[in-house]
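Colleague: Supplied structure: query.pdb, PDB, C-alpha atoms, pLDDT in the B column.
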ATOM      1  CA  MET A 354     105.727  38.363 -12.730  1.00 39.00           C
ATOM      2  CA  THR A 355     108.497  40.838 -13.626  1.00 50.00           C
ATOM      3  CA  GLU A 356     109.462  41.544 -17.205  1.00 67.00           C
ATOM      4  CA  MET A 357     112.842  39.863 -16.731  1.00 71.00           C
ATOM      5  CA  SER A 358     111.337  36.721 -15.201  1.00 71.00           C
ATOM      6  CA  ALA A 359     109.141  36.392 -18.292  1.00 83.00           C
ATOM      7  CA  ALA A 360     112.121  36.758 -20.648  1.00 87.00           C
ATOM      8  CA  PRO A 361     113.606  33.779 -22.503  1.00 91.00           C
ATOM      9  CA  GLU A 362     116.379  31.983 -20.627  1.00 93.00           C
ATOM     10  CA  VAL A 363     119.029  32.841 -23.236  1.00 92.00           C
ATOM     11  CA  PHE A 364     118.272  36.540 -22.777  1.00 94.00           C
ATOM     12  CA  ARG A 365     118.312  36.342 -18.964  1.00 94.00           C
ATOM     13  CA  GLN A 366     121.670  34.583 -19.067  1.00 94.00           C
ATOM     14  CA  ALA A 367     123.062  37.157 -21.497  1.00 95.00           C
ATOM     15  CA  VAL A 368     121.924  40.069 -19.295  1.00 95.00           C
ATOM     16  CA  ALA A 369     123.502  38.442 -16.236  1.00 95.00           C
ATOM     17  CA  ALA A 370     126.777  37.930 -18.110  1.00 94.00           C
ATOM     18  CA  LEU A 371     126.755  41.479 -19.463  1.00 94.00           C
ATOM     19  CA  THR A 372     126.321  42.999 -16.013  1.00 93.00           C
ATOM     20  CA  SER A 373     128.464  40.608 -13.953  1.00 91.00           C
ATOM     21  CA  PRO A 374     132.019  41.924 -14.585  1.00 90.00           C
ATOM     22  CA  GLN A 375     132.986  44.866 -12.390  1.00 91.00           C
ATOM     23  CA  PRO A 376     134.489  47.677 -14.488  1.00 91.00           C
ATOM     24  CA  ARG A 377     137.633  49.454 -13.377  1.00 91.00           C
ATOM     25  CA  ALA A 378     137.159  52.260 -10.856  1.00 91.00           C
ATOM     26  CA  GLU A 379     137.262  55.040 -13.467  1.00 93.00           C
ATOM     27  CA  ILE A 380     134.225  53.669 -15.341  1.00 95.00           C
ATOM     28  CA  GLU A 381     130.705  54.177 -14.023  1.00 95.00           C
ATOM     29  CA  LEU A 382     127.887  51.935 -15.252  1.00 95.00           C
ATOM     30  CA  SER A 383     124.163  52.290 -14.713  1.00 96.00           C
ATOM     31  CA  GLU A 384     121.061  50.603 -16.098  1.00 95.00           C
ATOM     32  CA  VAL A 385     118.958  52.781 -18.406  1.00 96.00           C
ATOM     33  CA  GLY A 386     115.826  52.363 -20.463  1.00 95.00           C
ATOM     34  CA  ALA A 387     116.304  50.155 -23.498  1.00 94.00           C
ATOM     35  CA  PRO A 388     114.878  50.807 -26.971  1.00 92.00           C
ATOM     36  CA  LYS A 389     111.640  48.896 -27.486  1.00 88.00           C
ATOM     37  CA  ARG A 390     111.383  48.764 -31.278  1.00 92.00           C
ATOM     38  CA  LEU A 391     114.620  47.043 -32.233  1.00 93.00           C
ATOM     39  CA  ALA A 392     113.833  43.601 -30.828  1.00 95.00           C
ATOM     40  CA  PRO A 393     111.284  41.828 -28.616  1.00 95.00           C
ATOM     41  CA  TRP A 394     113.748  41.894 -25.704  1.00 96.00           C
ATOM     42  CA  ALA A 395     116.340  44.566 -24.889  1.00 96.00           C
ATOM     43  CA  HIS A 396     118.550  45.643 -21.994  1.00 97.00           C
ATOM     44  CA  ALA A 397     120.698  48.791 -21.896  1.00 97.00           C
ATOM     45  CA  LEU A 398     123.552  50.200 -19.821  1.00 97.00           C
ATOM     46  CA  ALA A 399     125.002  53.710 -19.756  1.00 97.00           C
ATOM     47  CA  ALA A 400     128.718  54.171 -19.155  1.00 97.00           C
ATOM     48  CA  GLU A 401     130.912  57.163 -18.360  1.00 97.00           C
ATOM     49  CA  ALA A 402     134.665  57.472 -17.908  1.00 95.00           C
ATOM     50  CA  ASN A 403     137.007  60.384 -17.288  1.00 91.00           C
ATOM     51  CA  GLY A 404     140.533  60.162 -18.620  1.00 88.00           C
ATOM     52  CA  PRO A 405     143.722  61.361 -16.910  1.00 85.00           C
ATOM     53  CA  ALA A 406     143.695  64.644 -18.840  1.00 77.00           C
ATOM     54  CA  GLY A 407     140.002  65.263 -18.250  1.00 79.00           C
ATOM     55  CA  GLU A 408     138.787  63.579 -21.439  1.00 81.00           C
ATOM     56  CA  LEU A 409     135.197  62.405 -21.115  1.00 92.00           C
ATOM     57  CA  ALA A 410     133.854  59.286 -22.790  1.00 95.00           C
ATOM     58  CA  THR A 411     130.195  58.306 -22.594  1.00 97.00           C
ATOM     59  CA  ALA A 412     128.454  55.313 -24.101  1.00 98.00           C
ATOM     60  CA  ARG A 413     125.297  53.281 -24.215  1.00 98.00           C
ATOM     61  CA  PHE A 414     125.481  49.508 -24.535  1.00 97.00           C
ATOM     62  CA  VAL A 415     122.368  47.703 -25.735  1.00 98.00           C
ATOM     63  CA  LEU A 416     121.757  43.944 -25.688  1.00 97.00           C
ATOM     64  CA  LEU A 417     119.015  42.795 -28.078  1.00 97.00           C
ATOM     65  CA  HIS A 418     117.326  39.416 -28.328  1.00 96.00           C
ATOM     66  CA  ASP A 419     114.943  38.143 -30.961  1.00 96.00           C
ATOM     67  CA  PRO A 420     114.061  34.456 -30.521  1.00 94.00           C
ATOM     68  CA  GLU A 421     113.298  34.274 -34.246  1.00 93.00           C
ATOM     69  CA  GLY A 422     116.567  35.940 -35.187  1.00 91.00           C
ATOM     70  CA  GLN A 423     116.935  38.717 -37.722  1.00 92.00           C
ATOM     71  CA  GLU A 424     118.491  38.318 -41.149  1.00 90.00           C
ATOM     72  CA  ALA A 425     121.166  40.975 -40.641  1.00 92.00           C
ATOM     73  CA  TRP A 426     122.162  39.583 -37.245  1.00 94.00           C
ATOM     74  CA  ASP A 427     123.074  36.018 -38.199  1.00 92.00           C
ATOM     75  CA  GLY A 428     121.949  34.987 -34.696  1.00 92.00           C
ATOM     76  CA  VAL A 429     119.414  35.629 -31.929  1.00 94.00           C
ATOM     77  CA  LEU A 430     121.470  38.084 -29.847  1.00 96.00           C
ATOM     78  CA  ARG A 431     122.887  41.428 -30.918  1.00 97.00           C
ATOM     79  CA  LEU A 432     125.097  43.931 -29.091  1.00 98.00           C
ATOM     80  CA  VAL A 433     125.006  47.614 -30.001  1.00 98.00           C
ATOM     81  CA  VAL A 434     127.281  50.396 -28.769  1.00 98.00           C
ATOM     82  CA  TYR A 435     126.904  54.163 -29.141  1.00 98.00           C
ATOM     83  CA  LEU A 436     130.019  55.950 -27.878  1.00 98.00           C
ATOM     84  CA  ARG A 437     131.117  59.581 -27.776  1.00 96.00           C
ATOM     85  CA  ALA A 438     134.628  60.626 -26.751  1.00 93.00           C
ATOM     86  CA  GLU A 439     136.063  64.109 -26.352  1.00 89.00           C
ATOM     87  CA  LEU A 440     139.163  64.747 -28.431  1.00 83.00           C
ATOM     88  CA  ASP A 441     142.244  66.823 -27.843  1.00 78.00           C
ATOM     89  CA  PRO A 442     142.305  69.610 -30.489  1.00 71.00           C
ATOM     90  CA  GLU A 443     145.831  68.518 -31.434  1.00 72.00           C
ATOM     91  CA  VAL A 444     144.589  65.164 -32.742  1.00 72.00           C
ATOM     92  CA  ALA A 445     141.125  66.137 -33.981  1.00 67.00           C
ATOM     93  CA  ASP A 446     142.362  66.762 -37.547  1.00 73.00           C
ATOM     94  CA  ASP A 447     144.317  63.510 -37.874  1.00 79.00           C
ATOM     95  CA  PRO A 448     143.022  61.760 -41.044  1.00 81.00           C
ATOM     96  CA  LEU A 449     143.734  58.367 -39.442  1.00 87.00           C
ATOM     97  CA  LEU A 450     141.532  59.087 -36.433  1.00 88.00           C
ATOM     98  CA  PRO A 451     138.389  57.292 -37.690  1.00 92.00           C
ATOM     99  CA  ALA A 452     140.400  54.101 -38.220  1.00 94.00           C
ATOM    100  CA  VAL A 453     141.967  54.484 -34.793  1.00 93.00           C
ATOM    101  CA  GLY A 454     138.531  54.914 -33.213  1.00 95.00           C
ATOM    102  CA  TRP A 455     137.241  51.787 -34.932  1.00 97.00           C
ATOM    103  CA  SER A 456     140.312  49.858 -33.775  1.00 97.00           C
ATOM    104  CA  TRP A 457     139.358  50.648 -30.170  1.00 96.00           C
ATOM    105  CA  LEU A 458     136.361  48.360 -30.689  1.00 98.00           C
ATOM    106  CA  THR A 459     137.970  45.645 -32.811  1.00 98.00           C
ATOM    107  CA  ASP A 460     141.045  45.430 -30.572  1.00 97.00           C
ATOM    108  CA  ALA A 461     138.867  45.265 -27.442  1.00 97.00           C
ATOM    109  CA  LEU A 462     136.841  42.385 -28.879  1.00 98.00           C
ATOM    110  CA  GLU A 463     139.985  40.525 -29.895  1.00 97.00           C
ATOM    111  CA  ASN A 464     141.799  41.107 -26.594  1.00 96.00           C
ATOM    112  CA  ALA A 465     138.772  39.885 -24.624  1.00 96.00           C
ATOM    113  CA  GLY A 466     138.342  36.789 -26.775  1.00 95.00           C
ATOM    114  CA  ALA A 467     134.793  37.912 -27.594  1.00 96.00           C
ATOM    115  CA  LEU A 468     133.758  35.716 -30.516  1.00 95.00           C
ATOM    116  CA  HIS A 469     131.446  37.488 -32.938  1.00 96.00           C
ATOM    117  CA  THR A 470     130.113  37.837 -36.455  1.00 95.00           C
ATOM    118  CA  ALA A 471     128.357  40.476 -38.571  1.00 96.00           C
ATOM    119  CA  LEU A 472     130.350  43.349 -37.084  1.00 98.00           C
ATOM    120  CA  GLY A 473     129.670  46.746 -38.609  1.00 97.00           C
ATOM    121  CA  GLY A 474     129.471  50.406 -37.703  1.00 98.00           C
ATOM    122  CA  THR A 475     130.551  53.976 -38.298  1.00 97.00           C
ATOM    123  CA  VAL A 476     132.961  56.496 -36.818  1.00 96.00           C
ATOM    124  CA  THR A 477     132.072  60.173 -37.097  1.00 93.00           C
ATOM    125  CA  LEU A 478     134.162  63.193 -36.139  1.00 89.00           C
ATOM    126  CA  THR A 479     132.371  66.370 -35.092  1.00 87.00           C
ATOM    127  CA  SER A 480     133.563  69.879 -34.247  1.00 79.00           C
ATOM    128  CA  SER A 481     131.416  72.419 -32.409  1.00 73.00           C
ATOM    129  CA  ALA A 482     131.807  76.145 -31.777  1.00 76.00           C
ATOM    130  CA  ARG A 483     130.006  77.833 -28.869  1.00 69.00           C
ATOM    131  CA  PHE A 484     128.749  81.393 -29.050  1.00 75.00           C
ATOM    132  CA  GLY A 485     127.105  83.739 -26.618  1.00 70.00           C
ATOM    133  CA  ASP A 486     126.195  82.761 -23.082  1.00 69.00           C
ATOM    134  CA  ILE A 487     126.880  79.023 -23.269  1.00 65.00           C
ATOM    135  CA  ALA A 488     129.190  77.327 -20.787  1.00 62.00           C
ATOM    136  CA  GLY A 489     132.092  75.257 -21.995  1.00 61.00           C
ATOM    137  CA  PRO A 490     135.101  75.684 -24.278  1.00 60.00           C
ATOM    138  CA  SER A 491     134.720  77.896 -27.330  1.00 60.00           C
ATOM    139  CA  ARG A 492     135.459  74.897 -29.553  1.00 71.00           C
ATOM    140  CA  SER A 493     135.117  71.179 -28.905  1.00 76.00           C
ATOM    141  CA  HIS A 494     135.870  68.055 -30.889  1.00 82.00           C
ATOM    142  CA  ASP A 495     134.276  64.631 -30.495  1.00 90.00           C
ATOM    143  CA  LEU A 496     134.511  61.158 -31.926  1.00 94.00           C
ATOM    144  CA  GLU A 497     131.267  59.205 -32.227  1.00 96.00           C
ATOM    145  CA  LEU A 498     131.396  55.456 -32.695  1.00 97.00           C
ATOM    146  CA  ARG A 499     128.358  53.323 -33.504  1.00 98.00           C
ATOM    147  CA  GLY A 500     128.859  49.619 -33.804  1.00 98.00           C
ATOM    148  CA  SER A 501     126.930  46.373 -33.581  1.00 98.00           C
ATOM    149  CA  TRP A 502     127.790  42.702 -33.726  1.00 98.00           C
ATOM    150  CA  THR A 503     126.419  39.245 -32.996  1.00 97.00           C
ATOM    151  CA  PRO A 504     128.032  37.160 -30.223  1.00 96.00           C
ATOM    152  CA  THR A 505     128.755  33.631 -31.378  1.00 93.00           C
ATOM    153  CA  PRO A 506     129.345  30.388 -29.467  1.00 86.00           C
ATOM    154  CA  SER A 507     132.797  28.930 -29.070  1.00 66.00           C
ATOM    155  CA  VAL A 508     133.624  26.270 -31.652  1.00 55.00           C
ATOM    156  CA  PHE A 509     134.417  24.007 -28.674  1.00 52.00           C
ATOM    157  CA  GLY A 510     131.504  25.017 -26.429  1.00 51.00           C
ATOM    158  CA  GLY A 511     128.374  23.801 -28.175  1.00 52.00           C
ATOM    159  CA  ASP A 512     125.545  26.229 -28.783  1.00 65.00           C
ATOM    160  CA  ASP A 513     125.918  28.307 -25.605  1.00 79.00           C
ATOM    161  CA  ILE A 514     126.900  31.934 -26.098  1.00 88.00           C
ATOM    162  CA  ASP A 515     129.134  33.505 -23.429  1.00 90.00           C
ATOM    163  CA  VAL A 516     128.454  37.244 -23.323  1.00 95.00           C
ATOM    164  CA  ARG A 517     130.894  37.981 -20.488  1.00 95.00           C
ATOM    165  CA  PRO A 518     133.928  38.473 -22.804  1.00 96.00           C
ATOM    166  CA  HIS A 519     131.836  41.036 -24.694  1.00 97.00           C
ATOM    167  CA  ALA A 520     131.231  42.897 -21.435  1.00 97.00           C
ATOM    168  CA  ASP A 521     134.981  42.901 -20.807  1.00 96.00           C
ATOM    169  CA  ALA A 522     135.502  44.236 -24.344  1.00 97.00           C
ATOM    170  CA  LEU A 523     133.025  47.061 -23.739  1.00 97.00           C
ATOM    171  CA  HIS A 524     134.905  48.064 -20.584  1.00 96.00           C
ATOM    172  CA  GLU A 525     138.181  48.078 -22.524  1.00 96.00           C
ATOM    173  CA  LEU A 526     136.556  50.161 -25.256  1.00 97.00           C
ATOM    174  CA  MET A 527     135.558  52.769 -22.659  1.00 96.00           C
ATOM    175  CA  ALA A 528     139.083  52.850 -21.254  1.00 95.00           C
ATOM    176  CA  SER A 529     140.589  53.383 -24.716  1.00 94.00           C
ATOM    177  CA  ALA A 530     138.110  56.127 -25.577  1.00 94.00           C
ATOM    178  CA  ALA A 531     138.858  57.985 -22.333  1.00 93.00           C
ATOM    179  CA  GLY A 532     142.616  57.617 -22.725  1.00 91.00           C
ATOM    180  CA  LEU A 533     143.007  55.527 -19.587  1.00 92.00           C
ATOM    181  CA  PRO A 534     146.290  53.639 -19.242  1.00 89.00           C
ATOM    182  CA  PRO A 535     146.214  49.863 -18.724  1.00 82.00           C
ATOM    183  CA  GLU A 536     145.271  48.907 -15.186  1.00 77.00           C
ATOM    184  CA  GLY A 537     148.325  48.920 -12.938  1.00 64.00           C
ATOM    185  CA  VAL A 538     150.126  51.497 -15.107  1.00 65.00           C
ATOM    186  CA  ALA A 539     150.502  54.967 -13.592  1.00 61.00           C
ATOM    187  CA  LEU A 540     150.882  58.165 -15.585  1.00 52.00           C
ATOM    188  CA  LEU A 541     153.865  60.035 -14.166  1.00 52.00           C
ATOM    189  CA  GLY A 542     153.514  63.249 -16.101  1.00 51.00           C
ATOM    190  CA  ARG A 543     153.695  64.648 -19.586  1.00 44.00           C
ATOM    191  CA  ARG A 544     156.649  64.886 -21.885  1.00 37.00           C
ATOM    192  CA  PRO A 545     157.419  68.189 -23.626  1.00 37.00           C
ATOM    193  CA  ASN A 546     155.574  67.037 -26.765  1.00 38.00           C
ATOM    194  CA  GLY A 547     152.422  66.413 -24.733  1.00 42.00           C
ATOM    195  CA  ALA A 548     152.612  62.631 -24.732  1.00 43.00           C
ATOM    196  CA  ALA A 549     151.921  60.950 -21.420  1.00 45.00           C
ATOM    197  CA  ARG A 550     154.805  59.119 -19.787  1.00 40.00           C
ATOM    198  CA  GLN A 551     153.886  55.709 -18.334  1.00 45.00           C
ATOM    199  CA  ASP A 552     155.514  53.861 -15.494  1.00 42.00           C
TER
END
Starting from the coordinates I provided, produce the structure as structure tokens.
Modeller:
Amino acid sequence: MTEMSAAPEVFRQAVAALTSPQPRAEIELSEVGAPKRLAPWAHALAAEANGPAGELATARFVLLHDPEGQEAWDGVLRLVVYLRAELDPEVADDPLLPAVGWSWLTDALENAGALHTALGGTVTLTSSARFGDIAGPSRSHDLELRGSWTPTPSVFGGDDIDVRPHADALHELMASAAGLPPEGVALLGRRPNGAARQD
């Protein structure tokens, strides 16, 4: 008997829903080891996306399930995201950037219709300087987002929890973090002020 076959049905269904949507071509997903101490059942995915100007966004998505629930969750399932996105030096000092980073997540959940509760997290900005014989730019700037929330059932759908909209939201979050335009929109070049022009 495999570990997944021994898992509760609600967890198996949630894993299937989380992994069923195909992300856009610029986003690569792969299954990775899940943390074992956060909940009795866990499944994790790693994601990577490269933006049109070479921006790199990486993330880990973790699905947790505790049949007994946990007080802070307000439910039996919990989704956790750890995301890091490279920043253009021109925007790294923007005081509104943490709020913008958080809006990537909240907007993605809203746009996908991913019903949830107990949403919380942090956004951290980091700057690094490289010295000596280390490859890479002399300075780099990153945004780190950590967030978690509990998927909730539709008010019209009984007790079943549909995790697929949350998967769609995670894909949209990756696209926003990497600076990818909406699907079907092509970047034609850059304006003199550095802003991308969209078709």
Colleague: Report as a ChimeraX atom specification all protein, DNA and RNA residues lying within 12 Å of Glu408 (chain A), evaluated on only C-alpha atoms, omitting residues in the same chain fewer than 3 positions from it.
Modeller: /A:379,401-405,411,437-442,493-496,527-533
Colleague: Could you check the closest approach to Asp427 (chain A) for each of A:Thr459, A:Asn464, A:Ser383, A:Thr470 and tell me which residue wins, using all atoms listed in the file?
Modeller: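 Using all atoms listed in the file, the shortest distance to Asp427 (chain A) belongs to A:Thr470.
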Colleague: Might you pull out every residue within 9 Å of Gly474 (chain A), with all atoms listed in the file counted and same-chain residues fewer than 5 positions away left off, and present them as a list in words?
Modeller: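 In the requested form, the answer reads Trp455, Leu498, Arg499, Gly500, Ser501 and Trp502 of chain A.
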Colleague: Limited to C-alpha atoms, could you put the picked residues into a file as a PDB file, in the frame of the given file?
Modeller:
ATOM      1  CA  TRP A 455     137.241  51.787 -34.932  1.00 97.00           C
ATOM      2  CA  LEU A 498     131.396  55.456 -32.695  1.00 97.00           C
ATOM      3  CA  ARG A 499     128.358  53.323 -33.504  1.00 98.00           C
ATOM      4  CA  GLY A 500     128.859  49.619 -33.804  1.00 98.00           C
ATOM      5  CA  SER A 501     126.930  46.373 -33.581  1.00 98.00           C
ATOM      6  CA  TRP A 502     127.790  42.702 -33.726  1.00 98.00           C
TER       7      TRP A 502
END
Colleague: Just need the box for region 439-447 of chain A, edges along x, y and z, holding every atom the file lists for it with 5 Å tacked onto each side, so centre and edge lengths in Å to one decimal, as AutoDock Vina command-line options.
Modeller:
--center_x 140.9 --center_y 66.6 --center_z -32.1 --size_x 19.8 --size_y 16.1 --size_z 21.5
Colleague: Could you give me, as an MDAnalysis selection string, the residues within 6 Å of Arg413 (chain A), counting all atoms listed in the file and dropping anything in the same chain fewer than 5 positions from it?
Modeller: chainID A and resid 398:399 434:435
Colleague: Env of Glu424 (chain A): 12 Å cut, atoms = all atoms listed in the file, seq-sep filter 5 positions within chain, self excluded. Answer as a VMD selection string.
Modeller: chain A and resid 419 429 to 431 471 503
Colleague: Point out the residue among A:Ala482, A:Ala522, A:Leu436, A:Leu417 with the least atom-to-atom distance to Leu462 (chain A), counting all atoms listed in the file.
Modeller: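 For Leu462 (chain A), the nearest of the candidates is A:Ala522.
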Colleague: Quick one: of A:Ala395, A:Ala452, A:Leu478, A:Val415, who's nearest to His519 (chain A), counting only C-alpha atoms?
Modeller: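 Looking at the shortest contact to His519 (chain A), the residue is A:Val415.
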Colleague: Nearest to Leu416 (chain A) among A:Ala378, A:Leu450, A:Ala397, A:Val516, with distances taken over only C-alpha atoms: which residue is it?
Modeller: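 Going through A:Ala378, A:Leu450, A:Ala397, A:Val516 one by one, the smallest distance to Leu416 (chain A) is for A:Ala397.
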Colleague: Specify as a VMD selection string each residue included when the PyMOL selection byres ((chain A and resi 360-377) around 8) is applied to this file.
Modeller: chain A and resid 356 to 359 378 to 382 394 396 416 418 430 514 to 517 519 to 521 524 536
Colleague: Report, in Å to a single decimal, how far apart CA of Ser480 (chain A) and CA of Ala461 (chain A) are.
Modeller: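 Going from CA of Ala461 (chain A) over to CA of Ser480 (chain A) covers 26.1 Å.
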Colleague: Between CA of Glu463 (chain A) and CA of Phe414 (chain A), what distance in Å does the model show, to one decimal?
Modeller: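 One can read the CA of Glu463 (chain A) to CA of Phe414 (chain A) distance as 17.9 Å.
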Colleague: Looking at A:Pro448, A:Pro518, A:Gly454, A:Gly422, which one is nearest to Gly466 (chain A), with distances taken over only C-alpha atoms?
Modeller: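 Of the candidates, the smallest distance to Gly466 (chain A) is held by A:Pro518.
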Colleague: Quote the spacing between CA of Arg390 (chain A) and CA of Thr479 (chain A) in Å to one decimal place.
Modeller: 27.7 Å
